[in-house]
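Q: What follows is target.cif; its format and atoms are mmCIF, C-alpha atoms.
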data_model
#
loop_
_atom_site.label_atom_id
_atom_site.label_comp_id
_atom_site.auth_asym_id
_atom_site.auth_seq_id
_atom_site.Cartn_x
_atom_site.Cartn_y
_atom_site.Cartn_z
CA MET A 1 0.00 0.00 0.00
CA ARG A 2 1.33 3.42 -0.92
CA GLN A 3 2.41 5.33 2.20
CA MET A 4 1.30 8.88 2.79
CA ALA A 5 3.24 11.72 4.42
CA ALA A 6 2.86 12.00 8.18
CA PRO A 7 0.95 15.05 9.48
CA SER A 8 4.17 16.54 10.89
CA GLY A 9 5.74 16.63 7.45
CA ARG A 10 8.40 14.10 8.42
CA SER A 11 9.05 11.15 6.22
CA PRO A 12 6.71 8.22 6.93
CA ARG A 13 9.83 6.10 7.47
CA SER A 14 11.00 8.23 10.45
CA GLY A 15 10.33 6.97 13.99
CA PRO A 16 11.32 3.83 15.87
CA PRO A 17 13.36 1.34 13.87
CA ALA A 18 11.42 -1.47 12.33
CA LYS A 19 11.47 -4.82 14.11
CA ARG A 20 14.08 -7.12 12.57
CA ILE A 21 12.59 -10.30 11.19
CA GLN A 22 14.22 -13.30 12.88
CA LYS A 23 14.99 -16.52 11.10
CA GLY A 24 11.85 -18.62 10.83
CA ASP A 25 9.47 -15.68 11.24
CA SER A 26 6.82 -15.14 8.55
CA PRO A 27 6.36 -11.53 7.49
CA SER A 28 2.80 -10.32 8.08
CA ARG A 29 0.77 -9.60 4.97
CA PRO A 30 -2.40 -7.56 4.63
CA VAL A 31 -5.54 -9.67 4.50
CA PRO A 32 -7.43 -8.90 1.31
CA VAL A 33 -11.03 -7.74 1.66
CA VAL A 34 -13.27 -10.24 -0.09
CA ARG A 35 -16.74 -8.95 -0.81
CA PRO A 36 -19.54 -11.40 -1.62
CA ARG A 37 -20.73 -11.38 -5.21
CA SER A 38 -23.62 -9.05 -5.88
CA TYR A 39 -25.91 -8.81 -8.88
CA ALA A 40 -28.05 -6.06 -10.32
CA ALA A 41 -31.03 -5.96 -12.67
CA ILE A 42 -32.40 -2.85 -14.37
CA ASP A 43 -35.74 -2.89 -16.18
CA LEU A 44 -36.36 0.20 -18.30
CA GLY A 45 -39.99 0.04 -19.33
CA THR A 46 -42.29 2.38 -21.17
CA ASN A 47 -43.35 4.04 -17.93
CA ASN A 48 -40.89 3.07 -15.16
CA CYS A 49 -37.18 2.62 -14.56
CA ARG A 50 -36.57 -0.02 -11.88
CA LEU A 51 -33.44 -1.44 -10.24
CA LEU A 52 -32.80 -4.35 -7.88
CA ILE A 53 -29.44 -5.27 -6.34
CA ALA A 54 -29.16 -8.66 -4.62
CA ARG A 55 -26.54 -10.77 -2.89
CA PRO A 56 -26.45 -14.56 -2.40
CA GLN A 57 -27.19 -15.67 1.15
CA ASP A 58 -28.10 -19.15 2.41
CA GLY A 59 -29.19 -20.44 -0.98
CA GLU A 60 -31.25 -17.43 -1.99
CA LEU A 61 -30.75 -13.98 -3.43
CA VAL A 62 -31.47 -11.28 -0.86
CA VAL A 63 -32.25 -7.81 -2.19
CA ILE A 64 -29.97 -5.24 -0.58
CA ASP A 65 -30.99 -2.16 -2.56
CA ALA A 66 -33.78 -1.06 -4.87
CA PHE A 67 -34.83 1.97 -6.88
CA SER A 68 -37.88 2.88 -8.92
CA ARG A 69 -38.83 6.05 -10.76
CA ILE A 70 -41.63 6.88 -13.19
CA VAL A 71 -39.87 8.28 -16.28
CA ARG A 72 -42.68 8.01 -18.89
CA LEU A 73 -40.23 7.01 -21.56
CA GLY A 74 -43.03 6.23 -24.00
CA GLU A 75 -44.89 9.52 -23.56
CA GLY A 76 -45.97 10.69 -27.02
CA LEU A 77 -44.41 7.65 -28.72
CA HIS A 78 -47.73 6.40 -30.10
CA ALA A 79 -48.18 9.62 -32.09
CA THR A 80 -44.59 10.39 -33.12
CA GLY A 81 -42.78 7.06 -33.26
CA ARG A 82 -39.92 8.67 -31.34
CA ILE A 83 -38.78 9.04 -27.74
CA SER A 84 -38.99 12.74 -26.88
CA ASP A 85 -36.00 14.73 -25.67
CA ALA A 86 -37.71 15.34 -22.32
CA ALA A 87 -38.36 11.61 -21.86
CA MET A 88 -34.73 10.88 -22.71
CA ASP A 89 -33.56 13.41 -20.13
CA ARG A 90 -35.77 11.90 -17.42
CA THR A 91 -34.59 8.41 -18.25
CA VAL A 92 -30.88 9.24 -18.32
CA ALA A 93 -31.24 11.03 -14.97
CA ALA A 94 -32.87 7.95 -13.43
CA LEU A 95 -30.24 5.61 -14.88
CA ALA A 96 -27.47 7.85 -13.55
CA ILE A 97 -28.85 7.18 -10.05
CA CYS A 98 -28.84 3.46 -10.85
CA ALA A 99 -25.22 3.65 -12.02
CA ASP A 100 -24.21 5.36 -8.77
CA LYS A 101 -25.89 2.58 -6.77
CA LEU A 102 -24.07 -0.07 -8.82
CA ARG A 103 -20.74 1.56 -7.94
CA ARG A 104 -21.53 2.05 -4.27
CA ARG A 105 -22.78 -1.53 -3.88
CA HIS A 106 -19.73 -2.93 -5.72
CA VAL A 107 -21.95 -4.89 -8.12
CA THR A 108 -20.15 -7.85 -9.65
CA LEU A 109 -22.48 -8.60 -12.56
CA SER A 110 -25.44 -6.69 -13.92
CA ARG A 111 -27.85 -6.57 -16.83
CA ALA A 112 -29.98 -3.63 -17.95
CA VAL A 113 -32.84 -4.26 -20.37
CA ALA A 114 -35.19 -1.97 -22.25
CA THR A 115 -38.53 -3.15 -23.57
CA GLU A 116 -41.37 -2.02 -25.83
CA ALA A 117 -40.74 1.73 -25.95
CA CYS A 118 -37.18 1.25 -27.17
CA ARG A 119 -38.24 -1.58 -29.50
CA ARG A 120 -40.80 0.65 -31.20
CA ALA A 121 -39.02 3.99 -31.18
CA SER A 122 -37.02 4.99 -34.24
CA ASN A 123 -34.43 6.54 -31.90
CA GLY A 124 -34.25 3.70 -29.36
CA ALA A 125 -30.65 2.95 -30.33
CA GLU A 126 -29.84 6.64 -29.90
CA LEU A 127 -31.09 6.50 -26.32
CA ALA A 128 -29.04 3.38 -25.62
CA ALA A 129 -25.90 5.10 -26.96
CA ARG A 130 -26.53 8.19 -24.80
CA VAL A 131 -27.12 6.05 -21.71
CA LYS A 132 -23.83 4.24 -22.28
CA ARG A 133 -21.96 7.49 -22.86
CA GLU A 134 -23.36 9.37 -19.85
CA THR A 135 -23.87 6.61 -17.26
CA GLY A 136 -21.72 3.68 -18.38
CA ILE A 137 -24.76 1.35 -18.39
CA ALA A 138 -25.03 -0.94 -21.42
CA LEU A 139 -28.73 -0.99 -22.26
CA ASP A 140 -29.92 -4.18 -23.95
CA ILE A 141 -33.07 -3.64 -26.06
CA ILE A 142 -34.64 -7.08 -25.74
CA SER A 143 -37.21 -8.87 -27.87
CA ALA A 144 -40.78 -9.47 -26.75
CA ALA A 145 -39.94 -13.18 -26.43
CA GLU A 146 -37.07 -12.44 -24.04
CA GLU A 147 -39.28 -10.04 -22.07
CA ALA A 148 -41.88 -12.79 -21.66
CA ARG A 149 -39.24 -15.34 -20.61
CA LEU A 150 -37.77 -13.07 -17.93
CA ALA A 151 -41.17 -12.15 -16.54
CA VAL A 152 -42.10 -15.82 -16.19
CA LEU A 153 -38.78 -16.67 -14.54
CA GLY A 154 -39.27 -13.88 -12.05
CA CYS A 155 -42.77 -14.66 -10.80
CA HIS A 156 -43.85 -18.22 -11.68
CA ASN A 157 -43.30 -19.50 -8.13
CA LEU A 158 -46.34 -17.46 -7.02
CA MET A 159 -48.68 -19.39 -9.30
CA GLU A 160 -51.63 -20.89 -7.44
CA PRO A 161 -51.02 -24.62 -6.78
CA GLY A 162 -52.97 -27.11 -8.86
CA ASP A 163 -53.04 -29.02 -12.11
CA GLY A 164 -55.22 -26.71 -14.18
CA PRO A 165 -53.90 -24.69 -17.14
CA ALA A 166 -51.89 -21.66 -15.97
CA LEU A 167 -51.56 -18.23 -17.54
CA ILE A 168 -49.08 -15.51 -16.55
CA PHE A 169 -49.63 -11.99 -17.86
CA ASP A 170 -47.51 -8.86 -17.75
CA ILE A 171 -49.28 -5.55 -18.41
CA GLY A 172 -46.53 -3.05 -19.18
CA GLY A 173 -46.47 0.54 -20.31
CA GLY A 174 -46.14 -0.18 -24.02
CA SER A 175 -47.05 -3.84 -24.41
CA THR A 176 -48.79 -6.76 -22.74
CA GLU A 177 -47.56 -10.35 -22.73
CA LEU A 178 -49.66 -13.47 -22.11
CA MET A 179 -47.86 -16.76 -21.42
CA HIS A 180 -49.52 -20.17 -21.09
CA VAL A 181 -47.09 -22.01 -18.83
CA ASP A 182 -46.44 -25.32 -17.11
CA VAL A 183 -45.01 -24.76 -13.64
CA SER A 184 -44.88 -28.34 -12.43
CA ASP A 185 -41.87 -29.78 -10.55
CA GLN A 186 -40.52 -26.31 -9.61
CA ASP A 187 -39.66 -25.75 -13.26
CA VAL A 188 -41.40 -23.59 -15.83
CA LYS A 189 -42.06 -24.07 -19.52
CA ILE A 190 -43.84 -21.65 -21.85
CA HIS A 191 -46.22 -23.58 -24.12
CA ASP A 192 -47.82 -20.59 -25.87
CA TRP A 193 -47.46 -16.84 -25.67
CA ILE A 194 -48.41 -13.57 -27.31
CA SER A 195 -47.20 -9.99 -27.07
CA VAL A 196 -49.43 -7.12 -28.18
CA PRO A 197 -48.37 -3.45 -28.49
CA TRP A 198 -50.91 -2.20 -25.95
CA GLY A 199 -49.91 -1.24 -22.45
CA VAL A 200 -51.14 1.41 -20.04
CA VAL A 201 -49.31 4.25 -21.80
CA SER A 202 -49.92 3.29 -25.44
CA LEU A 203 -53.59 2.41 -24.86
CA THR A 204 -54.24 5.60 -22.87
CA GLU A 205 -52.78 7.72 -25.66
CA HIS A 206 -54.77 5.77 -28.27
CA ALA A 207 -58.18 5.97 -26.60
CA ALA A 208 -58.10 8.68 -23.93
CA PRO A 209 -61.45 10.38 -23.23
CA GLY A 210 -61.92 13.72 -24.91
CA GLU A 211 -63.22 15.23 -21.69
CA ASP A 212 -63.49 14.20 -18.05
CA SER A 213 -67.22 13.46 -18.07
CA LEU A 214 -68.94 10.17 -17.27
CA PRO A 215 -70.21 9.54 -20.84
CA ALA A 216 -66.75 10.31 -22.26
CA ARG A 217 -65.05 8.04 -19.73
CA GLN A 218 -67.48 5.21 -20.47
CA ALA A 219 -66.98 5.57 -24.23
CA SER A 220 -63.20 5.64 -23.82
CA TYR A 221 -63.24 2.50 -21.69
CA ALA A 222 -65.41 0.71 -24.26
CA ARG A 223 -62.89 1.61 -26.99
CA MET A 224 -60.03 0.31 -24.85
CA ARG A 225 -61.87 -2.96 -24.30
CA GLU A 226 -62.53 -3.34 -28.05
CA VAL A 227 -58.88 -2.71 -28.91
CA THR A 228 -57.54 -5.22 -26.40
CA GLN A 229 -60.13 -7.89 -27.20
CA SER A 230 -59.20 -7.63 -30.86
CA ALA A 231 -55.47 -7.79 -30.06
CA PHE A 232 -55.93 -10.92 -27.93
CA ALA A 233 -58.35 -12.63 -30.34
CA ALA A 234 -55.95 -15.22 -31.78
CA PHE A 235 -54.73 -16.25 -28.34
CA ALA A 236 -58.31 -16.30 -27.04
CA ASP A 237 -59.28 -18.73 -29.81
CA ARG A 238 -56.49 -21.09 -28.78
CA ALA A 239 -57.50 -20.79 -25.13
CA THR A 240 -61.01 -22.14 -25.81
CA ARG A 241 -59.60 -25.69 -25.65
CA PHE A 242 -59.37 -25.22 -21.87
CA THR A 243 -63.08 -24.43 -21.44
CA GLY A 244 -64.50 -26.15 -18.38
CA GLN A 245 -61.12 -26.76 -16.74
CA PRO A 246 -60.03 -25.13 -13.44
CA LEU A 247 -57.85 -22.27 -14.69
CA ARG A 248 -55.05 -20.53 -12.81
CA LEU A 249 -54.10 -16.91 -13.46
CA LEU A 250 -51.16 -14.80 -12.24
CA GLY A 251 -50.38 -11.19 -13.11
CA THR A 252 -47.20 -9.17 -12.75
CA SER A 253 -47.54 -5.46 -13.32
CA GLY A 254 -48.37 -2.15 -11.74
CA THR A 255 -51.98 -2.66 -12.76
CA VAL A 256 -52.60 -5.82 -10.73
CA THR A 257 -50.63 -4.61 -7.71
CA THR A 258 -52.52 -1.30 -7.74
CA LEU A 259 -55.91 -3.00 -8.01
CA ALA A 260 -54.94 -5.43 -5.26
CA SER A 261 -54.09 -2.43 -3.06
CA VAL A 262 -57.51 -0.94 -3.77
CA PHE A 263 -59.10 -4.31 -2.96
CA LEU A 264 -57.31 -4.32 0.42
CA ASN A 265 -58.12 -0.62 0.95
CA LEU A 266 -54.51 0.10 1.84
CA PRO A 267 -53.67 3.64 3.01
CA ARG A 268 -50.42 3.37 1.03
CA TYR A 269 -48.80 0.73 -1.12
CA ASP A 270 -47.42 -2.21 0.89
CA ARG A 271 -45.58 -4.83 -1.12
CA ARG A 272 -45.66 -7.36 1.71
CA ALA A 273 -49.46 -7.28 1.74
CA VAL A 274 -49.83 -7.49 -2.04
CA ASP A 275 -47.12 -9.84 -3.35
CA GLY A 276 -48.58 -13.35 -3.47
CA LEU A 277 -52.17 -12.25 -2.85
CA ALA A 278 -55.06 -13.93 -4.73
CA VAL A 279 -58.03 -11.66 -5.48
CA PRO A 280 -61.40 -12.97 -6.71
CA ALA A 281 -61.71 -12.24 -10.42
CA ASP A 282 -65.17 -10.74 -9.93
CA ALA A 283 -63.70 -8.28 -7.41
CA MET A 284 -61.03 -7.28 -9.94
CA ARG A 285 -63.76 -6.65 -12.54
CA ASP A 286 -65.80 -4.58 -10.10
CA ILE A 287 -62.81 -2.43 -9.12
CA SER A 288 -61.84 -1.99 -12.79
CA ARG A 289 -65.27 -0.70 -13.77
CA ARG A 290 -65.53 1.61 -10.77
CA LEU A 291 -62.14 3.15 -11.57
CA ALA A 292 -63.03 3.48 -15.25
CA GLU A 293 -66.11 5.54 -14.36
CA ALA A 294 -64.43 7.64 -11.66
CA SER A 295 -63.12 11.10 -12.48
CA LEU A 296 -59.40 11.70 -12.78
CA ASP A 297 -59.41 13.64 -9.50
CA ASP A 298 -61.32 10.90 -7.69
CA ARG A 299 -58.83 8.27 -8.88
CA ALA A 300 -55.92 10.48 -7.83
CA ASP A 301 -57.43 10.81 -4.35
CA ILE A 302 -57.21 7.03 -3.80
CA ALA A 303 -54.09 6.73 -1.65
CA CYS A 304 -52.57 3.71 -3.35
CA ILE A 305 -53.09 5.15 -6.85
CA GLY A 306 -52.13 8.81 -6.57
CA ARG A 307 -51.68 11.45 -9.23
CA GLU A 308 -48.86 9.69 -11.10
CA ARG A 309 -50.95 6.59 -11.89
CA ALA A 310 -54.44 8.09 -12.00
CA ASP A 311 -54.49 8.70 -15.75
CA LEU A 312 -52.97 5.31 -16.69
CA VAL A 313 -54.76 2.88 -14.39
CA VAL A 314 -57.96 2.81 -16.49
CA ALA A 315 -56.14 1.39 -19.51
CA GLY A 316 -54.67 -1.28 -17.26
CA CYS A 317 -58.18 -2.12 -16.06
CA ALA A 318 -59.40 -2.53 -19.65
CA ILE A 319 -56.51 -4.86 -20.47
CA LEU A 320 -57.06 -6.87 -17.29
CA GLU A 321 -60.78 -7.34 -17.99
CA SER A 322 -59.98 -8.59 -21.50
CA ILE A 323 -57.52 -11.10 -20.03
CA ILE A 324 -60.14 -12.36 -17.57
CA ASP A 325 -62.57 -12.70 -20.50
CA LEU A 326 -60.28 -15.09 -22.35
CA TRP A 327 -58.96 -16.88 -19.23
CA PRO A 328 -61.91 -16.92 -16.79
CA ALA A 329 -60.12 -18.12 -13.66
CA ALA A 330 -61.85 -17.79 -10.31
CA ARG A 331 -58.97 -15.78 -8.83
CA VAL A 332 -56.25 -13.43 -10.07
CA GLY A 333 -52.86 -14.01 -8.46
CA VAL A 334 -50.80 -10.89 -7.81
CA ALA A 335 -47.01 -10.70 -8.16
CA ASP A 336 -44.91 -7.67 -7.29
CA ARG A 337 -41.99 -9.25 -9.09
CA GLY A 338 -41.11 -10.03 -12.66
CA ILE A 339 -38.43 -9.06 -15.15
CA ARG A 340 -35.86 -7.86 -12.61
CA GLU A 341 -36.15 -11.01 -10.52
CA GLY A 342 -35.90 -13.07 -13.71
CA ILE A 343 -32.68 -11.26 -14.61
CA LEU A 344 -31.22 -11.79 -11.13
CA ARG A 345 -31.96 -15.51 -11.23
CA THR A 346 -30.38 -15.80 -14.67
CA LEU A 347 -27.25 -13.92 -13.59
CA ALA A 348 -26.77 -15.84 -10.37
CA MET A 349 -27.89 -19.37 -11.17
CA GLN A 350 -28.26 -19.64 -14.94
CA GLY A 351 -32.03 -19.42 -14.57
CA ARG A 352 -32.44 -22.24 -12.03
CA ASP A 353 -35.06 -21.97 -9.34
CA VAL A 354 -33.30 -19.78 -6.80
CA PRO A 355 -35.58 -17.60 -4.65
CA VAL A 356 -35.26 -13.83 -4.77
CA THR A 357 -36.17 -12.42 -1.37
CA ARG A 358 -36.78 -8.81 -0.50
CA ARG A 359 -35.84 -7.81 3.00
CA GLU A 360 -35.38 -4.46 4.63
CA HIS A 361 -32.37 -2.93 2.95
CA ARG A 362 -30.27 0.11 3.61
CA LYS A 363 -31.00 3.08 1.41
#
Take the structure in this file and express it as structure tokens.
A:
Amino acid sequence: MRQMAAPSGRSPRSGPPAKRIQKGDSPSRPVPVVRPRSYAAIDLGTNNCRLLIARPQDGELVVIDAFSRIVRLGEGLHATGRISDAAMDRTVAALAICADKLRRRHVTLSRAVATEACRRASNGAELAARVKRETGIALDIISAAEEARLAVLGCHNLMEPGDGPALIFDIGGGSTELMHVDVSDQDVKIHDWISVPWGVVSLTEHAAPGEDSLPARQASYARMREVTQSAFAAFADRATRFTGQPLRLLGTSGTVTTLASVFLNLPRYDRRAVDGLAVPADAMRDISRRLAEASLDDRADIACIGRERADLVVAGCAILESIIDLWPAARVGVADRGIREGILRTLAMQGRDVPVTRREHRK
């Protein structure tokens, strides 16, 4: 280790003579600091930028840090086909915070993925280049198939037990994925899947009400339902072969966690109360329709929705109702986990079934 000058200005070598090493003595050597491996996953979606950092402990990955910020990357994308400069600025600022956390947590291995907004935008590669230049993060714009695979890996262990056909869905900001899966024997296989370019941001921009009146809100919601039913039609036709069987349904997204919070009447969002919850499908429908008819201000006044989600939650409700139409399970499972947990499992254990546990972590 390089020696530094003593405060007095004397040479660091001045002072008592060093002890002479006798024959047979072993010179002492500094003990290297060995930090446990840590992994990080960043999911840059159409609406949110999310980070998880985890460390192996007793056969599982324990989350030691997390970050989430609404960046609205896909704002205006439906109309222009491009990511706006303001959305880029918000996103780069959020990813700069992520990069600082990666450094401070001494992350060993990480992966950052971008989904539908960057896939669709004509300047998605431009954003990725700017992110790399300004934050050092290598942003991987993944396919819809990879997005579906990671979401399933991250949440499949919350699927309701049973032998009936199982569907996992992920309602994002710019797209929605449906995956018919087999989760037997603690493994998961995707038998069928679909990705449609309708999420809470893209569908809101496509069919937003012209005014905040009840007739306008009802007409807007009807349009959203028509769009999503049409988008899911091919998958819905294939799903008819399961008619009469006990179906299982699990959702991972801000929509299902928000509606579960409303179902529980939570004063604020509580992941521990929501993650792993099963809500009756009829209750999810009832909440969806009540929110669709409520004014923007009334939705914003609901504590677990707030102003940031009030304008987008209705589109999520329309998508969710269309999913329940084609997969009429008795209950909707709720997962506050998904792509990031799937990335962490892949980084740490090559995708094997290692739990990802969230505990209280230092900020």
Q: Apply the PyMOL selection byres ((chain A and resi 209) around 12) to the displayed file and report the matching residues as a PyMOL selection string.
A: chain A and resi 203-208+210-224+292-293+295-296+311-312+314-315
Q: Leaving out Arg37 in chain A and any residue of its chain fewer than 4 positions from it, which residues lie within 10 Å of it when counting all atoms listed in the file, given as a PDB file with C-alpha atoms, keeping the file's coordinate frame?
A:
ATOM      1  CA  ALA A  54     -29.160  -8.660  -4.620  1.00  0.00           C
ATOM      2  CA  ARG A  55     -26.540 -10.770  -2.890  1.00  0.00           C
ATOM      3  CA  PRO A  56     -26.450 -14.560  -2.400  1.00  0.00           C
ATOM      4  CA  HIS A 106     -19.730  -2.930  -5.720  1.00  0.00           C
ATOM      5  CA  VAL A 107     -21.950  -4.890  -8.120  1.00  0.00           C
ATOM      6  CA  THR A 108     -20.150  -7.850  -9.650  1.00  0.00           C
ATOM      7  CA  LEU A 109     -22.480  -8.600 -12.560  1.00  0.00           C
ATOM      8  CA  ALA A 348     -26.770 -15.840 -10.370  1.00  0.00           C
TER       9      ALA A 348
END
Q: What is the distance, in Å and to one decimal place, between CA of Val181 in chain A and CA of Met159 in chain A?
A: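 The value is 10.0 Å.
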Q: Could you pull the residues within 7 Å of range 260-276 of chain A, counting all atoms listed in the file, minus those fewer than 6 positions along the same chain, as a count of residues only?
A: 7
Q: Taking into account only C-alpha atoms, which residue in the set A:Met88, A:Ala318, A:Ile168, A:Ile190 is nearest to Thr228 in chain A?
A: A:Ala318
Q: Between CA of Ile305 in chain A and CA of Cys317 in chain A, measure the distance and give it in Å to one decimal.
A: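 CA of Ile305 in chain A sits 12.8 Å away from CA of Cys317 in chain A.
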Q: Need the neighbours of (-37.5, 1.8, -8.0): which residues are at most 12 Å away, counting all atoms listed in the file, as a list in words?
A: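 In the file's frame, the residues around the point are Ala41, Ile42, Asp43, Leu44, Gly45, Asn47, Asn48, Cys49, Arg50, Leu51, Leu52, Ile53, Asp65, Ala66, Phe67, Ser68, Arg69, Ile70, Val71, Ala94, Leu95, Ile97, Cys98, Lys101, Arg337, Arg340 and Lys363 of chain A.
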Q: Neighbouring residues of Val131 in chain A were defined as those with any atom within 10 Å, considering only C-alpha atoms; residues of the same chain fewer than 5 positions away were excluded. Please report them as number ranges by chain.
A: A: 88-89, 91-93, 95-96, 125-126, 136-139
Q: Tell me which protein, DNA and RNA residues are within 7 Å of Asp170 in chain A, counting only C-alpha atoms, leaving out same-chain ones fewer than 4 positions away, and put them as JSON, numbers by chain.
A: {"A": [176, 177, 178, 251, 252, 253]}
Q: Expand the PyMOL selection byres ((chain A and resi 279) around 7) into the individual residues it matches in the shown file, reporting them as a ChimeraX atom specification.
A: /A:260,277-278,280-281,283-284,331-333
Q: Distance CA of Asp325 in chain A-CA of Ile142 in chain A, one decimal place?
A: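 Taking CA of Asp325 in chain A and CA of Ile142 in chain A, their separation equals 29.0 Å.
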Q: Using the file's own x, y and z axes, so that the box edges lie along x, y and z, what centre and edge lengths in Å (one decimal) does a box around every listed atom of range 319-329 of chain A get when 8 Å is added on each side? Give it as JSON.
A:
{"center_x": -59.5, "center_y": -11.5, "center_z": -18.0, "size_x": 22.1, "size_y": 29.3, "size_z": 24.7}
Q: Report as a PDB file with C-alpha atoms, in the coordinates of the input the residues that result from applying the PyMOL selection byres ((chain A and resi 162) around 10) to the structure here.
A:
ATOM      1  CA  MET A 159     -48.680 -19.390  -9.300  1.00  0.00           C
ATOM      2  CA  GLU A 160     -51.630 -20.890  -7.440  1.00  0.00           C
ATOM      3  CA  PRO A 161     -51.020 -24.620  -6.780  1.00  0.00           C
ATOM      4  CA  ASP A 163     -53.040 -29.020 -12.110  1.00  0.00           C
ATOM      5  CA  GLY A 164     -55.220 -26.710 -14.180  1.00  0.00           C
ATOM      6  CA  PRO A 165     -53.900 -24.690 -17.140  1.00  0.00           C
ATOM      7  CA  ALA A 166     -51.890 -21.660 -15.970  1.00  0.00           C
ATOM      8  CA  VAL A 183     -45.010 -24.760 -13.640  1.00  0.00           C
ATOM      9  CA  SER A 184     -44.880 -28.340 -12.430  1.00  0.00           C
ATOM     10  CA  PRO A 246     -60.030 -25.130 -13.440  1.00  0.00           C
ATOM     11  CA  LEU A 247     -57.850 -22.270 -14.690  1.00  0.00           C
ATOM     12  CA  ARG A 248     -55.050 -20.530 -12.810  1.00  0.00           C
TER      13      ARG A 248
END
Q: Taking (-40.4, -5.1, -24.6) as a centre in this file's frame and 8 Å as the limit, can you find every polymer residue with an atom that close, using all atoms listed in the file, and give them as a PyMOL selection string?
A: chain A and resi 45+114-119+141-144+147+174-175
Q: Measuring atom to atom with only C-alpha atoms, identify which of A:Ala112, A:Ile339, A:Leu320, A:Ala329 is nearest to Gln245 in chain A.
A: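 With only C-alpha atoms as the atom set, the closest residue is A:Ala329.
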Q: From the options A:Leu61, A:Ala99, A:Val196, A:Val201, which residue's atoms come nearest to Leu73 in chain A, counting all atoms listed in the file?
A: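 Checking each candidate against Leu73 in chain A, we get A:Val201 as the closest.
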Q: Please supply range 43-47 of chain A, rebuilt with all heavy atoms, as an mmCIF file, keeping the file's coordinate frame.
A:
data_model
loop_
_atom_site.group_PDB
_atom_site.id
_atom_site.type_symbol
_atom_site.label_atom_id
_atom_site.label_comp_id
_atom_site.auth_asym_id
_atom_site.auth_seq_id
_atom_site.Cartn_x
_atom_site.Cartn_y
_atom_site.Cartn_z
ATOM 1 N N ASP A 43 -34.651 -2.729 -15.217
ATOM 2 C CA ASP A 43 -35.740 -2.890 -16.180
ATOM 3 C C ASP A 43 -36.221 -1.503 -16.571
ATOM 4 O O ASP A 43 -36.860 -0.812 -15.773
ATOM 5 C CB ASP A 43 -36.862 -3.717 -15.557
ATOM 6 C CG ASP A 43 -38.115 -3.773 -16.440
ATOM 7 O OD1 ASP A 43 -38.013 -3.483 -17.648
ATOM 8 O OD2 ASP A 43 -39.192 -4.114 -15.903
ATOM 9 N N LEU A 44 -35.901 -1.095 -17.790
ATOM 10 C CA LEU A 44 -36.360 0.200 -18.300
ATOM 11 C C LEU A 44 -37.591 -0.054 -19.163
ATOM 12 O O LEU A 44 -37.488 -0.524 -20.296
ATOM 13 C CB LEU A 44 -35.264 0.893 -19.112
ATOM 14 C CG LEU A 44 -35.672 2.208 -19.781
ATOM 15 C CD1 LEU A 44 -36.114 3.242 -18.738
ATOM 16 C CD2 LEU A 44 -34.541 2.762 -20.640
ATOM 17 N N GLY A 45 -38.749 0.242 -18.611
ATOM 18 C CA GLY A 45 -39.990 0.040 -19.330
ATOM 19 C C GLY A 45 -40.497 1.309 -19.970
ATOM 20 O O GLY A 45 -39.838 2.361 -19.953
ATOM 21 N N THR A 46 -41.695 1.232 -20.503
ATOM 22 C CA THR A 46 -42.290 2.380 -21.170
ATOM 23 C C THR A 46 -42.681 3.469 -20.180
ATOM 24 O O THR A 46 -42.731 4.642 -20.529
ATOM 25 C CB THR A 46 -43.519 1.914 -21.970
ATOM 26 O OG1 THR A 46 -43.104 0.904 -22.911
ATOM 27 C CG2 THR A 46 -44.161 3.056 -22.737
ATOM 28 N N ASN A 47 -42.922 3.070 -18.932
ATOM 29 C CA ASN A 47 -43.350 4.040 -17.930
ATOM 30 C C ASN A 47 -42.347 4.182 -16.783
ATOM 31 O O ASN A 47 -42.134 5.284 -16.292
ATOM 32 C CB ASN A 47 -44.713 3.635 -17.364
ATOM 33 C CG ASN A 47 -45.388 4.754 -16.603
ATOM 34 O OD1 ASN A 47 -45.420 5.898 -17.056
ATOM 35 N ND2 ASN A 47 -45.936 4.435 -15.443
#
